[in-house]
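Trainee: Hey, dropping data_35.txt in here, compact mmCIF, C-alpha atoms:
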# COMPACT_ATOMS: atom_id res chain seq x y z
CA MET N 24 0.00 0.00 0.00
CA THR N 25 2.83 2.37 0.97
CA GLY N 26 4.49 1.76 -2.37
CA ARG N 27 1.24 2.54 -4.21
CA ILE N 28 0.75 5.79 -2.31
CA PHE N 29 4.35 6.77 -3.05
CA ALA N 30 3.79 6.06 -6.73
CA LEU N 31 0.68 8.26 -6.82
CA ILE N 32 2.49 11.10 -5.08
CA PHE N 33 5.39 10.76 -7.50
CA LEU N 34 2.99 10.84 -10.47
CA GLY N 35 1.30 13.97 -9.11
CA LEU N 36 4.62 15.74 -8.66
CA ALA N 37 5.68 14.71 -12.14
CA LEU N 38 2.50 16.21 -13.61
CA LEU N 39 3.06 19.46 -11.74
CA VAL N 40 6.58 19.66 -13.09
CA ALA N 41 5.58 18.63 -16.60
CA THR N 42 2.75 21.14 -17.05
CA PRO N 43 4.93 24.31 -17.08
CA ALA N 44 7.42 22.56 -19.36
CA PHE N 45 4.58 21.59 -21.70
CA SER N 46 3.50 25.23 -21.77
CA GLU N 47 7.04 26.45 -22.46
CA GLU N 48 7.44 24.06 -25.37
CA TYR N 49 4.19 25.21 -26.99
CA PRO N 50 4.04 25.93 -29.86
CA ASN N 51 6.62 23.87 -31.71
CA LYS N 52 4.71 23.41 -34.96
CA VAL N 53 2.21 25.23 -37.19
CA ILE N 54 -1.12 26.25 -35.62
CA THR N 55 -4.32 26.13 -37.68
CA MET N 56 -7.00 28.77 -37.25
CA ILE N 57 -10.34 27.48 -38.52
CA ILE N 58 -12.64 30.16 -39.97
CA PRO N 59 -16.21 29.06 -40.75
CA PHE N 60 -16.74 31.14 -43.88
CA ALA N 61 -15.25 31.50 -47.34
CA ALA N 62 -12.00 33.34 -47.97
CA GLY N 63 -12.36 37.04 -48.72
CA GLY N 64 -15.27 37.67 -46.36
CA PRO N 65 -15.26 39.94 -43.29
CA THR N 66 -14.65 37.21 -40.71
CA ASP N 67 -11.83 35.86 -42.85
CA THR N 68 -10.24 39.33 -42.95
CA VAL N 69 -10.42 39.72 -39.17
CA GLY N 70 -9.06 36.22 -38.69
CA ARG N 71 -6.09 36.58 -41.01
CA LEU N 72 -4.98 39.88 -39.47
CA THR N 73 -5.28 38.42 -35.98
CA ALA N 74 -3.55 35.17 -36.93
CA GLN N 75 -0.54 36.92 -38.42
CA ALA N 76 0.06 39.08 -35.35
CA MET N 77 -0.51 36.21 -32.90
CA GLY N 78 1.92 34.07 -34.89
CA GLU N 79 4.58 36.75 -34.59
CA PHE N 80 4.23 36.73 -30.81
CA LEU N 81 4.21 32.94 -30.57
CA LYS N 82 7.09 32.65 -33.04
CA SER N 83 5.06 30.07 -34.90
CA GLN N 84 3.08 30.31 -38.11
CA ILE N 85 -0.70 30.34 -37.80
CA ILE N 86 -2.31 29.27 -41.03
CA VAL N 87 -5.96 29.98 -41.82
CA GLU N 88 -8.23 27.21 -43.06
CA ASN N 89 -11.67 28.19 -44.37
CA VAL N 90 -14.31 25.56 -43.56
CA ALA N 91 -17.50 27.08 -44.93
CA GLY N 92 -21.10 25.90 -44.81
CA ALA N 93 -24.19 25.61 -42.62
CA GLY N 94 -23.79 29.01 -40.98
CA GLY N 95 -20.49 28.07 -39.36
CA THR N 96 -21.71 24.86 -37.72
CA ILE N 97 -19.62 22.54 -39.91
CA ALA N 98 -16.43 24.29 -38.83
CA ALA N 99 -17.55 24.50 -35.19
CA ALA N 100 -18.29 20.77 -35.09
CA ARG N 101 -14.87 20.02 -36.53
CA VAL N 102 -13.12 22.17 -33.93
CA ALA N 103 -15.16 20.60 -31.13
CA ARG N 104 -13.84 17.17 -32.22
CA SER N 105 -10.24 18.33 -32.66
CA THR N 106 -7.38 17.29 -30.41
CA PRO N 107 -7.17 19.78 -27.53
CA ASP N 108 -3.46 20.50 -27.89
CA GLY N 109 -3.50 24.17 -28.89
CA TYR N 110 -2.78 23.51 -32.56
CA THR N 111 -6.38 24.06 -33.63
CA ILE N 112 -8.09 27.32 -32.76
CA PHE N 113 -11.37 28.73 -33.97
CA LEU N 114 -12.39 32.28 -34.90
CA HIS N 115 -16.14 32.75 -35.20
CA HIS N 116 -18.54 35.66 -34.95
CA ILE N 117 -22.02 36.26 -33.55
CA GLY N 118 -23.16 33.03 -35.23
CA GLN N 119 -21.70 31.03 -32.34
CA SER N 120 -24.43 32.51 -30.13
CA THR N 121 -27.32 32.06 -32.56
CA ALA N 122 -26.67 28.45 -33.59
CA PRO N 123 -28.36 26.91 -30.52
CA ALA N 124 -31.65 28.61 -31.45
CA LEU N 125 -31.34 28.29 -35.23
CA TYR N 126 -30.53 24.59 -35.40
CA ARG N 127 -32.87 21.95 -33.98
CA THR N 128 -29.93 19.61 -33.46
CA LEU N 129 -26.24 20.44 -33.08
CA SER N 130 -23.44 17.92 -32.74
CA TYR N 131 -21.74 20.20 -30.22
CA ASP N 132 -22.55 22.50 -27.31
CA VAL N 133 -21.34 26.10 -27.60
CA PHE N 134 -20.66 26.25 -23.86
CA THR N 135 -19.22 22.84 -22.98
CA ASP N 136 -17.30 21.85 -26.14
CA PHE N 137 -15.03 24.89 -26.41
CA GLU N 138 -12.49 26.73 -24.30
CA PRO N 139 -13.01 30.50 -24.70
CA ILE N 140 -9.87 32.52 -25.40
CA GLY N 141 -11.24 36.04 -25.83
CA LEU N 142 -13.18 38.56 -27.85
CA VAL N 143 -11.43 40.18 -30.83
CA THR N 144 -13.54 42.99 -32.30
CA ASP N 145 -17.05 44.38 -32.76
CA VAL N 146 -17.85 45.18 -36.38
CA PRO N 147 -20.64 47.48 -37.61
CA MET N 148 -22.86 46.35 -40.46
CA THR N 149 -23.72 48.30 -43.61
CA LEU N 150 -26.78 47.98 -45.82
CA ILE N 151 -25.52 47.99 -49.41
CA ALA N 152 -26.83 47.27 -52.92
CA ARG N 153 -25.56 46.75 -56.44
CA LYS N 154 -24.42 49.98 -58.06
CA ASP N 155 -27.35 50.21 -60.51
CA PHE N 156 -30.09 49.33 -58.00
CA PRO N 157 -32.81 52.01 -58.44
CA PRO N 158 -33.27 53.22 -54.81
CA ASN N 159 -30.77 55.88 -53.69
CA THR N 160 -31.79 56.35 -50.05
CA LEU N 161 -33.01 54.06 -47.30
CA LYS N 162 -36.53 55.47 -47.50
CA GLU N 163 -36.54 54.84 -51.25
CA LEU N 164 -35.18 51.34 -50.67
CA ILE N 165 -37.95 50.46 -48.22
CA ALA N 166 -40.63 51.75 -50.59
CA TYR N 167 -39.05 49.94 -53.54
CA VAL N 168 -38.71 46.52 -51.89
CA LYS N 169 -42.27 46.73 -50.56
CA ALA N 170 -43.54 47.39 -54.08
CA ASN N 171 -41.30 44.74 -55.69
CA LYS N 172 -40.96 42.12 -52.95
CA ASP N 173 -41.37 39.21 -55.38
CA LYS N 174 -38.56 40.47 -57.62
CA VAL N 175 -36.00 41.83 -55.15
CA THR N 176 -33.26 39.47 -53.96
CA TYR N 177 -31.39 39.70 -50.66
CA ALA N 178 -28.01 37.95 -50.36
CA ASN N 179 -26.63 36.41 -47.17
CA ALA N 180 -23.84 34.11 -46.06
CA GLY N 181 -26.17 31.30 -45.01
CA LEU N 182 -28.34 30.41 -42.05
CA GLY N 183 -27.06 31.99 -38.86
CA ALA N 184 -24.55 34.29 -40.54
CA ALA N 185 -24.51 37.95 -39.51
CA SER N 186 -25.88 38.94 -42.90
CA HIS N 187 -28.75 36.48 -42.42
CA LEU N 188 -29.57 37.82 -38.94
CA SER N 189 -29.46 41.41 -40.18
CA GLY N 190 -31.71 40.46 -43.08
CA MET N 191 -34.24 38.92 -40.69
CA LEU N 192 -34.26 42.08 -38.60
CA PHE N 193 -34.61 44.28 -41.68
CA MET N 194 -37.52 42.29 -43.09
CA SER N 195 -39.16 42.28 -39.66
CA ALA N 196 -38.67 46.03 -39.29
CA ILE N 197 -40.27 46.82 -42.66
CA GLU N 198 -42.82 43.99 -42.30
CA THR N 199 -41.96 42.54 -45.73
CA ASP N 200 -40.65 39.09 -46.64
CA LEU N 201 -38.10 38.99 -49.45
CA THR N 202 -36.45 36.32 -51.57
CA THR N 203 -33.14 35.46 -49.92
CA ILE N 204 -30.14 33.97 -51.72
CA PRO N 205 -27.76 32.11 -49.37
CA TYR N 206 -24.03 31.83 -50.10
CA LYS N 207 -21.14 30.08 -48.35
CA GLY N 208 -19.83 33.46 -47.27
CA THR N 209 -20.28 37.14 -47.98
CA GLY N 210 -17.10 37.12 -50.09
CA PRO N 211 -18.92 35.22 -52.88
CA ALA N 212 -22.07 37.23 -52.18
CA MET N 213 -20.15 40.48 -52.64
CA ASN N 214 -18.89 39.21 -56.01
CA ASP N 215 -22.48 38.74 -57.14
CA ILE N 216 -23.50 42.16 -55.79
CA LEU N 217 -20.68 43.69 -57.84
CA GLY N 218 -21.71 41.60 -60.85
CA GLY N 219 -25.37 42.56 -60.51
CA GLN N 220 -26.64 39.01 -59.96
CA VAL N 221 -28.31 39.91 -56.63
CA ASP N 222 -29.77 43.20 -55.41
CA PHE N 223 -28.67 43.98 -51.88
CA MET N 224 -27.39 42.69 -48.55
CA CYS N 225 -26.30 43.77 -45.08
CA ASP N 226 -22.62 43.06 -44.45
CA GLN N 227 -19.80 43.99 -42.13
CA THR N 228 -17.69 47.11 -42.74
CA THR N 229 -14.65 44.84 -42.97
CA ASN N 230 -16.04 43.59 -46.27
CA THR N 231 -17.81 46.69 -47.58
CA THR N 232 -15.75 49.78 -46.70
CA SER N 233 -13.42 49.64 -49.71
CA GLN N 234 -16.31 48.90 -52.08
CA ILE N 235 -18.32 51.82 -50.68
CA LYS N 236 -15.38 54.23 -50.90
CA SER N 237 -14.65 53.22 -54.47
CA GLY N 238 -18.29 53.72 -55.47
CA LYS N 239 -18.72 50.12 -56.60
CA VAL N 240 -21.83 49.64 -54.45
CA LYS N 241 -24.60 51.83 -53.08
CA VAL N 242 -24.85 52.24 -49.32
CA TYR N 243 -27.95 53.12 -47.31
CA GLY N 244 -26.76 53.16 -43.71
CA VAL N 245 -24.63 51.71 -40.91
CA THR N 246 -26.17 49.67 -38.12
CA THR N 247 -24.55 51.43 -35.16
CA LYS N 248 -25.83 54.18 -32.86
CA THR N 249 -23.23 56.60 -34.21
CA ARG N 250 -21.56 56.99 -37.59
CA VAL N 251 -18.46 54.97 -38.40
CA ALA N 252 -15.20 56.93 -38.50
CA SER N 253 -14.06 55.29 -41.74
CA LEU N 254 -17.40 56.14 -43.42
CA PRO N 255 -18.28 59.56 -41.99
CA ASP N 256 -20.71 60.46 -44.79
CA VAL N 257 -22.83 57.33 -44.34
CA PRO N 258 -25.82 57.90 -42.03
CA THR N 259 -26.88 55.51 -39.32
CA MET N 260 -29.98 53.47 -40.06
CA HIS N 261 -31.79 55.58 -37.48
CA GLU N 262 -30.76 58.81 -39.21
CA ALA N 263 -31.73 57.35 -42.59
CA GLY N 264 -35.25 56.54 -41.48
CA LEU N 265 -35.31 53.17 -39.71
CA PRO N 266 -35.28 53.79 -35.93
CA ASN N 267 -33.77 51.32 -33.46
CA PHE N 268 -32.12 49.14 -36.11
CA GLU N 269 -28.80 48.27 -34.46
CA VAL N 270 -26.56 45.26 -35.05
CA ALA N 271 -22.91 44.80 -34.08
CA VAL N 272 -21.07 41.68 -35.13
CA TRP N 273 -18.60 40.49 -32.52
CA HIS N 274 -15.77 38.08 -33.26
CA ALA N 275 -14.10 35.79 -30.77
CA LEU N 276 -11.46 33.10 -30.48
CA TYR N 277 -11.92 29.57 -29.06
CA ALA N 278 -10.03 26.30 -28.63
CA PRO N 279 -11.39 22.77 -28.23
CA LYS N 280 -12.58 21.80 -24.76
CA ALA N 281 -9.88 20.43 -22.43
CA THR N 282 -7.08 22.39 -24.08
CA PRO N 283 -4.58 22.73 -21.18
CA LYS N 284 -4.84 25.99 -19.25
CA PRO N 285 -1.14 26.91 -19.75
CA ILE N 286 -1.74 26.78 -23.50
CA ILE N 287 -4.95 28.82 -23.23
CA ASP N 288 -3.05 31.37 -21.14
CA LYS N 289 -0.35 31.63 -23.81
CA LEU N 290 -2.99 32.06 -26.54
CA VAL N 291 -4.71 34.78 -24.48
CA THR N 292 -1.39 36.62 -24.14
CA ALA N 293 -0.82 36.27 -27.88
CA LEU N 294 -4.30 37.61 -28.62
CA LYS N 295 -3.76 40.65 -26.40
CA TYR N 296 -0.44 41.26 -28.15
CA ALA N 297 -2.14 41.04 -31.55
CA LEU N 298 -4.86 43.51 -30.60
CA LYS N 299 -2.19 46.07 -29.66
CA ASP N 300 -0.22 45.54 -32.86
CA PRO N 301 -0.05 48.87 -34.79
CA ASN N 302 -0.74 47.18 -38.11
CA VAL N 303 -3.82 45.38 -36.74
CA ILE N 304 -5.13 48.61 -35.24
CA LYS N 305 -4.49 50.48 -38.49
CA ARG N 306 -6.05 47.82 -40.71
CA PHE N 307 -9.06 47.41 -38.42
CA ALA N 308 -9.62 51.19 -38.52
CA GLU N 309 -9.46 51.19 -42.31
CA LEU N 310 -12.14 48.49 -42.26
CA GLY N 311 -14.43 50.41 -39.93
CA THR N 312 -13.74 48.59 -36.68
CA GLU N 313 -11.26 48.46 -33.80
CA PRO N 314 -9.84 45.83 -31.42
CA VAL N 315 -11.69 45.18 -28.16
CA THR N 316 -10.21 46.45 -24.91
CA GLU N 317 -7.72 44.24 -23.09
CA THR N 318 -10.27 43.30 -20.42
CA ARG N 319 -12.56 41.84 -23.10
CA ALA N 320 -9.81 39.76 -24.70
CA THR N 321 -10.10 37.15 -21.95
CA PRO N 322 -11.83 33.79 -21.45
CA GLU N 323 -13.98 35.22 -18.66
CA ALA N 324 -15.26 38.12 -20.75
CA LEU N 325 -16.01 35.87 -23.73
CA ARG N 326 -17.79 33.29 -21.57
CA SER N 327 -20.05 35.98 -20.12
CA HIS N 328 -20.65 37.67 -23.47
CA LEU N 329 -21.54 34.41 -25.21
CA LYS N 330 -24.14 33.60 -22.54
CA ALA N 331 -25.70 37.06 -22.84
CA GLU N 332 -25.85 36.84 -26.65
CA VAL N 333 -27.41 33.36 -26.62
CA ASP N 334 -30.09 34.70 -24.28
CA LYS N 335 -30.60 37.78 -26.48
CA TRP N 336 -31.00 36.07 -29.85
CA ALA N 337 -33.01 32.98 -28.85
CA PRO N 338 -36.35 34.81 -28.53
CA VAL N 339 -35.73 36.83 -31.72
CA ILE N 340 -35.10 33.68 -33.75
CA LYS N 341 -38.00 31.84 -32.14
CA LYS N 342 -40.36 34.69 -33.01
CA ALA N 343 -39.15 34.65 -36.63
CA GLY N 344 -39.77 30.91 -36.81
CA VAL N 345 -36.51 30.20 -38.66
CA TYR N 346 -34.99 26.80 -37.98
CA ALA N 347 -32.71 24.26 -39.62
CA ASP N 348 -32.23 20.58 -38.93
Just give me the structure as structure tokens.
Mentor:
Amino acid sequence: MTGRIFALIFLGLALLVATPAFSEEYPNKVITMIIPFAAGGPTDTVGRLTAQAMGEFLKSQIIVENVAGAGGTIAAARVARSTPDGYTIFLHHIGQSTAPALYRTLSYDVFTDFEPIGLVTDVPMTLIARKDFPPNTLKELIAYVKANKDKVTYANAGLGAASHLSGMLFMSAIETDLTTIPYKGTGPAMNDILGGQVDFMCDQTTNTTSQIKSGKVKVYGVTTKTRVASLPDVPTMHEAGLPNFEVAVWHALYAPKATPKPIIDKLVTALKYALKDPNVIKRFAELGTEPVTETRATPEALRSHLKAEVDKWAPVIKKAGVYAD
């Protein structure tokens, strides 16, 4: 018995000694950041900027892998099943909080199958249309889509995507159902807006700012309480004639459940470093957003925010009656 107790004590001490060493050795190979939408979209842009800066801090390359489809749930399920060793991380947006209400069955739990790392940024949305779309103002747009609801097409990045949620809110606000065209990301959707294949959509400033500034699309408003610094001439939706229409798309970073705490701690430190990187700050500003404060780039802040957002969106989605199997 004494020998067995000694062996257990020895094993415990060995684990205590090994854990810091394990943390110090991490990372010693390439890290993969899974992004649940197509390349070229707003979440992809945020992810790639963050990945590059985090990789510089960690002295290890972080490659981005786009796993699009099903509103981000395909990618989320893959991450949830991944080995919890710190070499797979996951950048998702508001869709992580809406999936539990949108999907009747999920192969993962947003609370118990992931280790939160921290929030990254809050991105305003913009309501845009193809360049030759007849309406020129938000009031004209509302009148036009009401009169042509069977002809007008609204693009989104699929069920649960920010563009889909914004579209639901817009249609609810104007009390008009429209034909929606889902894509595997707003990158492909933007291509069809530019090509005139679809009429309009609501998308993040990270994907629309350059197109708006170059005059390649029409813009009707931003979805924040105040105007966006990078688009000072674009009115808020409230100013343009649709009161109380506000949507902010938050992005956050996760790891698979049971990823060791020393590794999570190192990833949190890397995230905070990235969000202070001058190039990240500059590029985010050019795209109409900014990094979150240091206190929000933590597991605790993300855990709390995710719970609040799940509680916020569940009744909205239930009222709209939109579900997927």
Trainee: Hey, what's within 7 Å of range 113-117 of chain N if we count only C-alpha atoms and toss same-chain stuff fewer than 5 positions away? As a list in words, please?
Mentor: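 Returned residues: Met56, Ile57, Ile58, Pro59, Gly70, Val102, Ala185, Val272, Trp273, His274, Ala275, Leu276, Tyr277 and Ala278 of chain N.
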Trainee: In Å to one decimal, how far is CA of Lys154 in chain N from CA of Leu217 in chain N?
Mentor: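 Going from CA of Leu217 in chain N over to CA of Lys154 in chain N covers 7.3 Å.
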Trainee: When distances are computed from only C-alpha atoms, which of N:Leu125, N:Asp173, N:Val242, N:Thr111 shows the smallest separation from Asp155 in chain N?
Mentor: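 Comparing N:Leu125, N:Asp173, N:Val242, N:Thr111 against Asp155 in chain N, the winner is N:Val242.
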Trainee: So which one's closest to Ala212 in chain N, N:Met77, N:Ala178, N:Cys225, N:Ala196? Using all atoms listed in the file, please.
Mentor: N:Ala178
Trainee: Take CA of Ala152 in chain N and CA of Ala343 in chain N and report the distance between them in Å, one decimal.
Mentor: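 Separating CA of Ala152 in chain N from CA of Ala343 in chain N is a distance of 24.0 Å.
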Trainee: Would you pick out the contacts of Ala61 in chain N at 12 Å or less, using only C-alpha atoms, so that residues sharing its chain but fewer than 3 positions from it are not included, and give the list as JSON, numbers by chain?
Mentor: {"N": [57, 58, 64, 65, 66, 67, 68, 70, 87, 88, 89, 90, 91, 92, 93, 94, 95, 98, 180, 181, 184, 206, 207, 208, 209, 210, 211, 212, 213]}
Trainee: What would the list of residues within 12 Å of (-17.0, 20.0, -27.9) (file frame) look like as a list in words, if all atoms listed in the file are what count?
Mentor: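 Returned residue set, sorted by chain then number, is Thr96, Ala98, Ala99, Ala100, Arg101, Val102, Ala103, Arg104, Ser105, Thr106, Pro107, Leu129, Ser130, Tyr131, Asp132, Val133, Phe134, Thr135, Asp136, Phe137, Glu138, Pro139, Tyr277, Ala278, Pro279, Lys280, Ala281 and Thr282 of chain N.
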